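The structure appears right after this line, and notes come after that.
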Amino acid sequence: MFQHDRLSYEITLFQKIKNLDYILLISVILLSVLSVFVMYSTDGGEILFHTKNHFVKLAVFFPLMIFVAFFNIKFWHNFSYIIYFIVILLLIYVSFFGIKSSGSQRWMDLYLFVLQPSELMKIAIIMCLAKYFHRIKIENVNSFTSITIVLSIIIIPIIFVISQPDLGTSILIALSGLIILWLGGMKIKYFIYSFITFLISLPFIISFLKPYQKLRILTFLDPDRDPLGAGYQIIQSKIAIGSGGLNGKGFLKGTQSYLDFLPEKHTDFIFTLFSEEFGFIGSVGLLILYSIIIFRILRIGAISRSNFARLFCFGYAFAIFIYIVVNLSMVLGLLPIVGSPLPIMSYGGSSMLATMIGFGIVLSAKINHKQMIA
Amino acid sequence: MIKSNSGIRKTDVINRRMFIIGAAKVVVFVGIIARLFSLQINENKKYLTLSDKNRIREWKLPPTRGNIVDYFGNVIAGNLKVYQLHIIPEQVENFNYLLVRLKNLLNLSDKKIAKINKLKAELKPWDSIIVSENLSWSQFVKINNYLYDLVGVKPVMTISRNYPFNDVYTHVLGYVSQPNEQEILENEIIQERFVPGMKIGKLGLEKRLENHLIGTNAIQRYEVNAYGKRINQLEHQKGEQGSKIRLTVDTEIQKACGELLNQKAGSISVMDIYTGDIIAMYSSPSYNPNLFLFGISQDEWQLIRNNPLKPLINKTLSGLYSPGSTIKPIVALSALENKVIDTKFKVKCTGKMELYGQTFHCWKEKGHGWVSLKNAMKQSCDTYFYEVARLLGVDRLNITAEKFGLGKKVLGNYFDNEKKGLFPNTKWKKNNLGKGWVLGETLITGIGQGYIQSTPLQLCMMTAQIANGGFAVKPKIIVDSNPISYEDAKQSMESGLLFDTDSEQLLDKKLFKNQRNIKIVQEAMFASTNERFGTSYKSRIDDPKYQFAGKTGTAQVKRISKRERELDLELEQIPYKDRDHALYVAYGPYVNPRYALSIIVEHGGSGSKAAAPIAKKLFKLIIDRHDLRNKQSNFERITV
């Protein structure tokens, strides 16, 4: 019909740059700059280890995002399965040869930096399932074979991640996968049935949890049962956030943070420090910034011609949303403590790498939004 | 075409389902914002408080005790800068090396070293260990000279209680020392202000006035991190020194009392007969309260505890003695008041008196012959007073004696260890011993022996009330907020009324029925000291400025057997424990009297030889200082 509807679709570098989504890009840059300042605050107002490393990672991964964006979305479509398998292989490698730290074995040493493959799986599973639902006929979505295949795609990496053990990441991987199933047209009753099954088997699942995981759930239900032990993190986190008030205590003035009352302030509890120093206004501002990013990703998904791009964008937007919700609910005492970083803000290379790759693919979808994929 | 349709349908499904999720996302974000709002806006105060509780820690410093001063403002319990040595373990590079260095510099014992090591294990590394509470100046200088080599050592200057007159006021003031657990729990103020190293009053006024003297803690506020380490110093709250307390005592006289009783066991009390001010109150022997400040050594403690003269007992208030003949003015007064005798009444003393087959001896074996009241008092004739007591009866005597303060606490609540003493009557014996009163007991009560027991301060007050014309005084040792001058007190008393500062009322304080009787007793006491053959005639002062009137007393501590009476041993031949107590009560100057005193020398022998000469020496000083004292009360009023 039209010239640009061709399956093979080439544009110039200049057009690529022009087609980048600048609102998304600026939002990501803003978030990155903000994250460096917050990291600077966690270091007690000095440029120390965390600030330096975080900045270096941003400096490396941000260009990587642009690099990823300049590949045609079709390329990412074509390599989706392969990427998924590579990450599975990495997970297998880690389960045998990974670096152990504080009781779990999640990391591999790449000399320059330590990689956590389960973080990459958060993106890989979206790519893999997006490709699967892109290719399958809508009529076959609810067939037994197809359900078996998609569930396997989700369950296989989860088995590896959960055995590391890493409950938080496996829940995030599962949710990222499930959202594609939902978007791909799987029958609503299946979701309802499995949710009911999940609720029924919940006590059974809990009996399989590790003691420290059970403790976390108990602590979530009543943080005051052990205020100096298991409940300490959540109590201190709530104190930090609550004491921030409307305007916050001011940049570098978060007492909970610089006096070391906050646990894990660089990683999972980074929002706590941010909220203590910048208050309700800052926190809502940060949520708005995240909302803009999510909204832009959704919009890119909506204008994409290929269902792969559409599914990836929608799926990834949801994933980002879920990361934020799980992290914030955790530090606000609405959910039990499961390790889950706040995208870009939290210190952690693998998480940032995965997030940046995700943004890269979204930008690629934007650049090539007219690209059809067979 | 089918494929394309399928593609479009799939896109529709994806978009529709995305829309549902999108709506859910908005709801969840709103939920999170609501949670943020509730924590940061609604509960902000609560969490701000919790955050401050986390980060701010307060360190209370020991409060500075108020000074106690004498009537003239001389500090008798003050505070002194002391030099302490602290170690801050986290700053020490090599702890063992440091201990070896300190051991050499300060001659620390192995026990002390072990204690330091134990403290180090117990305390947090940033908490300081007190190595020495009280360094001498030379030790302090030495430490400062070697400070470059003693990393982690902190010489600290702090404040500690000090008693500049050493043992002069021990029984009045008591002393301070580290409180035990019970003492902390018993007193809410101490509990609230307690910090390790703080000292509290253990005895005497230091204990009694604890809540006035204690002062408030200075508070240091620090910002601490999660591990309790101090990060920043916040505002510093200064403590208030405890109240300054001014006593009625005169250090010069108190010191003189100590010197006069040197090497003796006994007590001297001096009282203003109008205001009730206690001018001196000395119990001998005393001990140095400064020894207790930093923990008394076992050797020193044993030395005090095992001293046969019993320095730990405050004899003025808790020593119970038979008043002996010093009771005779009261017996005479009671008999006069009850019209049992008059000045013409005479008794023939043959040296003894027989009653129901029992013999009651006079101290003078040959007897005094016919004696009237004046002569009987002058020569302290026992037979006369046996007879008077017999005629009077113990119950009427008891009423007069109690009116004049015998058998009652003099200073009320100020001293825990003050004793009531005892003035018996028939009812008391029935109730307490379950037996009826025997007339013989009345006789010996009449010469101040038997059940009767009194404290030296009671005898002093008794004398004061005779001296001032028979009016009740309110003894006090603390200058109250509204000190009454000597003249005002005298004037109000002579009008028969006394201004009571507690109830702020003029009270009728007459203790007599007929003031003439008081005068008779006063004249008899004057004769006893100033006329020939008076028992304390040798101790008289003829100069009317210092002339005083008094009554001797010799209290038996054991029953004298017939054999001993016949032997009539010299004092030195009797074992110390069996020697009589020597007593003397007096007031002066005789014309316009101002002060009363009581003197007791334990096992000193006769009152005329051992006690009365002390009064002679003391009266000169007391009266010489009267003008000074009078001036003082007019210009300085210090309140409790």
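Here, A, B, ... name the chains of the structure tokens in the order displayed, residue numbers run from 1 inside each chain, and ligands are numbered from 1 in the same displayed order.
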**Asked** If we count only C-alpha atoms, which residues of chain A reach to within 7 Å of chain B? Please list them as number ranges by chain.
**Response** A: 137-138, 183-185, 239-246, 256, 259-261, 280, 284, 307, 314
**Message:** Going by DSSP on the backbone, which residues of stretch 325-452 of chain B come out as helix (DSSP H, G or I)? List them as a VMD selection string.
**Reply:** chain B and resid 325 to 337 373 to 379 382 to 392 394 to 403 426 to 433 439 to 446
**Request:** For B:Leu61, work out the shell of residues within 8 Å, counting only C-alpha atoms and skipping chain neighbours fewer than 5 positions away, then give it as a PyMOL selection string.
**Result:** chain B and resi 195+217-220
**Request:** From a DSSP pass on the backbone, collect the residues of stretch 399-608 of chain B flagged as strand (DSSP E) and hand them back as JSON, numbers by chain.
**Result:** {"B": [497, 498, 499, 500, 505, 506, 507, 508, 549, 550, 551, 552, 553, 554, 555, 581, 582, 583, 584, 585, 586, 587, 588, 595, 596, 597, 598, 599, 600, 601]}
**Request:** For stretch 22-34 of chain A, work out the shell of residues within 9 Å, counting only C-alpha atoms and skipping chain neighbours fewer than 2 positions away, then give it as JSON, numbers by chain.
**Result:** {"A": [18, 19, 20, 36, 37, 38, 39, 55, 58, 62, 286, 289, 290, 292, 293, 294, 295, 296, 297, 344, 345, 359, 363]}
**Item:** Selected residue, from A:Ser201, A:Thr272, A:Ser237, A:Thr51, that lies nearest to A:Tyr347 when counting only C-alpha atoms
**Value:**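 Among the listed residues, A:Thr51 lies closest to A:Tyr347.
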**Asked** Can you tell me how far atom CA of B:Thr442 sits from atom CA of B:Asp395, in Å to one decimal?
**Response**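 Those two atoms sit 9.1 Å apart.
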Contacts of stretch 356-364 of chain B at 12 Å (only C-alpha atoms; same-chain gap of 5+ positions) as a PDB file with N, CA and C atoms, in the first residue's frame:
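Below is the file out29.pdb, written as the result:
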ATOM      1  N   GLY B 324      22.293  13.826 135.961  1.00  0.00           N
ATOM      2  CA  GLY B 324      22.930  14.050 137.257  1.00  0.00           C
ATOM      3  C   GLY B 324      22.394  15.327 137.879  1.00  0.00           C
ATOM      4  N   SER B 325      23.252  16.037 138.562  1.00  0.00           N
ATOM      5  CA  SER B 325      22.802  17.222 139.299  1.00  0.00           C
ATOM      6  C   SER B 325      22.373  18.366 138.409  1.00  0.00           C
ATOM      7  N   LYS B 348      17.740  19.022 156.656  1.00  0.00           N
ATOM      8  CA  LYS B 348      19.020  18.737 157.315  1.00  0.00           C
ATOM      9  C   LYS B 348      19.704  17.567 156.620  1.00  0.00           C
ATOM     10  N   CYS B 349      20.884  17.842 156.064  1.00  0.00           N
ATOM     11  CA  CYS B 349      21.628  16.796 155.350  1.00  0.00           C
ATOM     12  C   CYS B 349      22.630  16.178 156.300  1.00  0.00           C
ATOM     13  N   THR B 350      22.496  14.837 156.501  1.00  0.00           N
ATOM     14  CA  THR B 350      23.444  14.133 157.360  1.00  0.00           C
ATOM     15  C   THR B 350      24.389  13.286 156.537  1.00  0.00           C
ATOM     16  N   GLY B 351      24.337  13.509 155.238  1.00  0.00           N
ATOM     17  CA  GLY B 351      25.200  12.710 154.363  1.00  0.00           C
ATOM     18  C   GLY B 351      24.463  11.523 153.764  1.00  0.00           C
ATOM     19  N   GLY B 369      24.510  19.633 156.627  1.00  0.00           N
ATOM     20  CA  GLY B 369      23.789  20.301 157.708  1.00  0.00           C
ATOM     21  C   GLY B 369      22.471  20.824 157.190  1.00  0.00           C
ATOM     22  N   ALA B 376      21.520  24.428 148.900  1.00  0.00           N
ATOM     23  CA  ALA B 376      21.456  23.066 148.363  1.00  0.00           C
ATOM     24  C   ALA B 376      21.892  23.053 146.905  1.00  0.00           C
ATOM     25  N   GLN B 379      25.761  23.907 146.638  1.00  0.00           N
ATOM     26  CA  GLN B 379      26.675  22.818 146.982  1.00  0.00           C
ATOM     27  C   GLN B 379      26.217  21.485 146.412  1.00  0.00           C
ATOM     28  N   SER B 380      25.107  21.575 145.654  1.00  0.00           N
ATOM     29  CA  SER B 380      24.546  20.382 145.024  1.00  0.00           C
ATOM     30  C   SER B 380      24.242  19.288 146.039  1.00  0.00           C
ATOM     31  N   CYS B 381      23.539  19.685 147.094  1.00  0.00           N
ATOM     32  CA  CYS B 381      23.227  18.728 148.154  1.00  0.00           C
ATOM     33  C   CYS B 381      22.185  17.728 147.675  1.00  0.00           C
ATOM     34  N   ASP B 382      22.548  16.460 147.687  1.00  0.00           N
ATOM     35  CA  ASP B 382      21.640  15.429 147.193  1.00  0.00           C
ATOM     36  C   ASP B 382      20.481  15.201 148.152  1.00  0.00           C
ATOM     37  N   THR B 383      20.765  15.215 149.473  1.00  0.00           N
ATOM     38  CA  THR B 383      19.728  14.924 150.463  1.00  0.00           C
ATOM     39  C   THR B 383      18.553  15.892 150.338  1.00  0.00           C
ATOM     40  N   TYR B 384      18.899  17.179 150.154  1.00  0.00           N
ATOM     41  CA  TYR B 384      17.857  18.190 149.980  1.00  0.00           C
ATOM     42  C   TYR B 384      16.936  17.828 148.823  1.00  0.00           C
ATOM     43  N   PHE B 385      17.550  17.436 147.715  1.00  0.00           N
ATOM     44  CA  PHE B 385      16.736  17.146 146.524  1.00  0.00           C
ATOM     45  C   PHE B 385      16.015  15.806 146.622  1.00  0.00           C
ATOM     46  N   TYR B 386      16.568  14.851 147.418  1.00  0.00           N
ATOM     47  CA  TYR B 386      15.808  13.630 147.698  1.00  0.00           C
ATOM     48  C   TYR B 386      14.491  14.013 148.356  1.00  0.00           C
ATOM     49  N   GLU B 387      14.628  14.871 149.352  1.00  0.00           N
ATOM     50  CA  GLU B 387      13.463  15.253 150.133  1.00  0.00           C
ATOM     51  C   GLU B 387      12.460  16.053 149.288  1.00  0.00           C
ATOM     52  N   VAL B 438       8.164   3.089 142.435  1.00  0.00           N
ATOM     53  CA  VAL B 438       8.643   2.959 143.809  1.00  0.00           C
ATOM     54  C   VAL B 438       9.148   4.322 144.247  1.00  0.00           C
ATOM     55  N   LEU B 439       8.879   4.693 145.473  1.00  0.00           N
ATOM     56  CA  LEU B 439       9.236   6.019 145.951  1.00  0.00           C
ATOM     57  C   LEU B 439      10.741   6.280 145.847  1.00  0.00           C
ATOM     58  N   GLY B 440      11.516   5.244 146.087  1.00  0.00           N
ATOM     59  CA  GLY B 440      12.973   5.376 145.963  1.00  0.00           C
ATOM     60  C   GLY B 440      13.383   5.874 144.590  1.00  0.00           C
ATOM     61  N   GLU B 441      12.650   5.490 143.594  1.00  0.00           N
ATOM     62  CA  GLU B 441      12.953   5.917 142.224  1.00  0.00           C
ATOM     63  C   GLU B 441      12.707   7.405 142.053  1.00  0.00           C
ATOM     64  N   THR B 442      11.709   7.919 142.794  1.00  0.00           N
ATOM     65  CA  THR B 442      11.468   9.359 142.758  1.00  0.00           C
ATOM     66  C   THR B 442      12.684  10.098 143.310  1.00  0.00           C
ATOM     67  N   LEU B 443      13.246   9.546 144.390  1.00  0.00           N
ATOM     68  CA  LEU B 443      14.375  10.197 145.028  1.00  0.00           C
ATOM     69  C   LEU B 443      15.566  10.315 144.080  1.00  0.00           C
ATOM     70  N   ILE B 444      15.897   9.186 143.427  1.00  0.00           N
ATOM     71  CA  ILE B 444      17.084   9.266 142.547  1.00  0.00           C
ATOM     72  C   ILE B 444      16.786  10.065 141.282  1.00  0.00           C
ATOM     73  N   THR B 445      15.514  10.107 140.858  1.00  0.00           N
ATOM     74  CA  THR B 445      15.158  10.975 139.729  1.00  0.00           C
ATOM     75  C   THR B 445      15.436  12.432 140.111  1.00  0.00           C
ATOM     76  N   GLY B 446      15.215  12.753 141.379  1.00  0.00           N
ATOM     77  CA  GLY B 446      15.434  14.113 141.870  1.00  0.00           C
ATOM     78  C   GLY B 446      16.881  14.556 141.778  1.00  0.00           C
ATOM     79  N   ILE B 447      17.813  13.607 141.698  1.00  0.00           N
ATOM     80  CA  ILE B 447      19.212  14.011 141.496  1.00  0.00           C
ATOM     81  C   ILE B 447      19.708  13.597 140.105  1.00  0.00           C
ATOM     82  N   GLN B 449      19.364  10.748 138.343  1.00  0.00           N
ATOM     83  CA  GLN B 449      19.853   9.383 138.088  1.00  0.00           C
ATOM     84  C   GLN B 449      18.638   8.499 137.841  1.00  0.00           C
ATOM     85  N   THR B 535      29.794  24.660 143.709  1.00  0.00           N
ATOM     86  CA  THR B 535      30.509  23.527 143.097  1.00  0.00           C
ATOM     87  C   THR B 535      31.376  23.958 141.926  1.00  0.00           C
ATOM     88  N   GLY B 553      27.209  18.729 137.210  1.00  0.00           N
ATOM     89  CA  GLY B 553      26.553  17.430 137.334  1.00  0.00           C
ATOM     90  C   GLY B 553      27.583  16.342 137.221  1.00  0.00           C
ATOM     91  N   THR B 554      27.397  15.296 137.992  1.00  0.00           N
ATOM     92  CA  THR B 554      28.292  14.154 137.898  1.00  0.00           C
ATOM     93  C   THR B 554      27.396  12.930 137.802  1.00  0.00           C
ATOM     94  N   ALA B 555      27.422  12.323 136.647  1.00  0.00           N
ATOM     95  CA  ALA B 555      26.484  11.221 136.439  1.00  0.00           C
ATOM     96  C   ALA B 555      27.189   9.898 136.611  1.00  0.00           C
ATOM     97  N   GLN B 556      26.637   9.075 137.527  1.00  0.00           N
ATOM     98  CA  GLN B 556      27.216   7.751 137.724  1.00  0.00           C
ATOM     99  C   GLN B 556      26.881   6.884 136.531  1.00  0.00           C
ATOM    100  N   ARG B 559      26.381   1.525 139.471  1.00  0.00           N
ATOM    101  CA  ARG B 559      26.020   1.650 140.885  1.00  0.00           C
ATOM    102  C   ARG B 559      27.278   1.611 141.734  1.00  0.00           C
ATOM    103  N   ILE B 560      27.377   2.515 142.672  1.00  0.00           N
ATOM    104  CA  ILE B 560      28.568   2.532 143.520  1.00  0.00           C
ATOM    105  C   ILE B 560      28.342   1.603 144.711  1.00  0.00           C
ATOM    106  N   SER B 561      29.232   0.637 144.864  1.00  0.00           N
ATOM    107  CA  SER B 561      29.086  -0.304 145.983  1.00  0.00           C
ATOM    108  C   SER B 561      29.573   0.358 147.278  1.00  0.00           C
ATOM    109  N   LYS B 562      29.186  -0.244 148.345  1.00  0.00           N
ATOM    110  CA  LYS B 562      29.549   0.296 149.660  1.00  0.00           C
ATOM    111  C   LYS B 562      31.078   0.377 149.801  1.00  0.00           C
ATOM    112  N   ARG B 565      32.516   3.187 147.907  1.00  0.00           N
ATOM    113  CA  ARG B 565      32.235   4.437 148.552  1.00  0.00           C
ATOM    114  C   ARG B 565      33.242   4.698 149.686  1.00  0.00           C
ATOM    115  N   ASP B 568      36.782   5.656 148.264  1.00  0.00           N
ATOM    116  CA  ASP B 568      36.885   7.020 147.754  1.00  0.00           C
ATOM    117  C   ASP B 568      38.115   7.190 146.862  1.00  0.00           C
ATOM    118  N   SER B 606      34.217  14.333 137.978  1.00  0.00           N
ATOM    119  CA  SER B 606      33.201  15.232 138.515  1.00  0.00           C
ATOM    120  C   SER B 606      32.989  16.414 137.589  1.00  0.00           C
TER     121      SER B 606
END
**Prompt:** Hey, what's within 10 Å of B:Asn262 if we count only C-alpha atoms and toss same-chain stuff fewer than 6 positions away? As a PyMOL selection string, please?
**Reply:** chain B and resi 256+284-286
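Residues in contact with A:Ser306 at up to 10 Å, not including ones fewer than 4 positions away on its chain and judged by only C-alpha atoms, are A:Ile73, A:Lys74, A:His77, A:His134, A:Gly301, A:Ala302, A:Arg310, A:Leu311, A:Phe312, A:Ala365, A:Asn368, A:His369, A:Lys370, A:Gln371, A:Met372, A:Ile373, A:Ala374, B:Gly7, B:Thr11.
Atom CA of B:Val521 lies 8.0 Å from atom CA of B:Ile466.
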**Asked** What is the atom CA of A:Leu342-atom CA of A:Pro227 distance in Å, reported with one decimal?
**Response** 24.8 Å
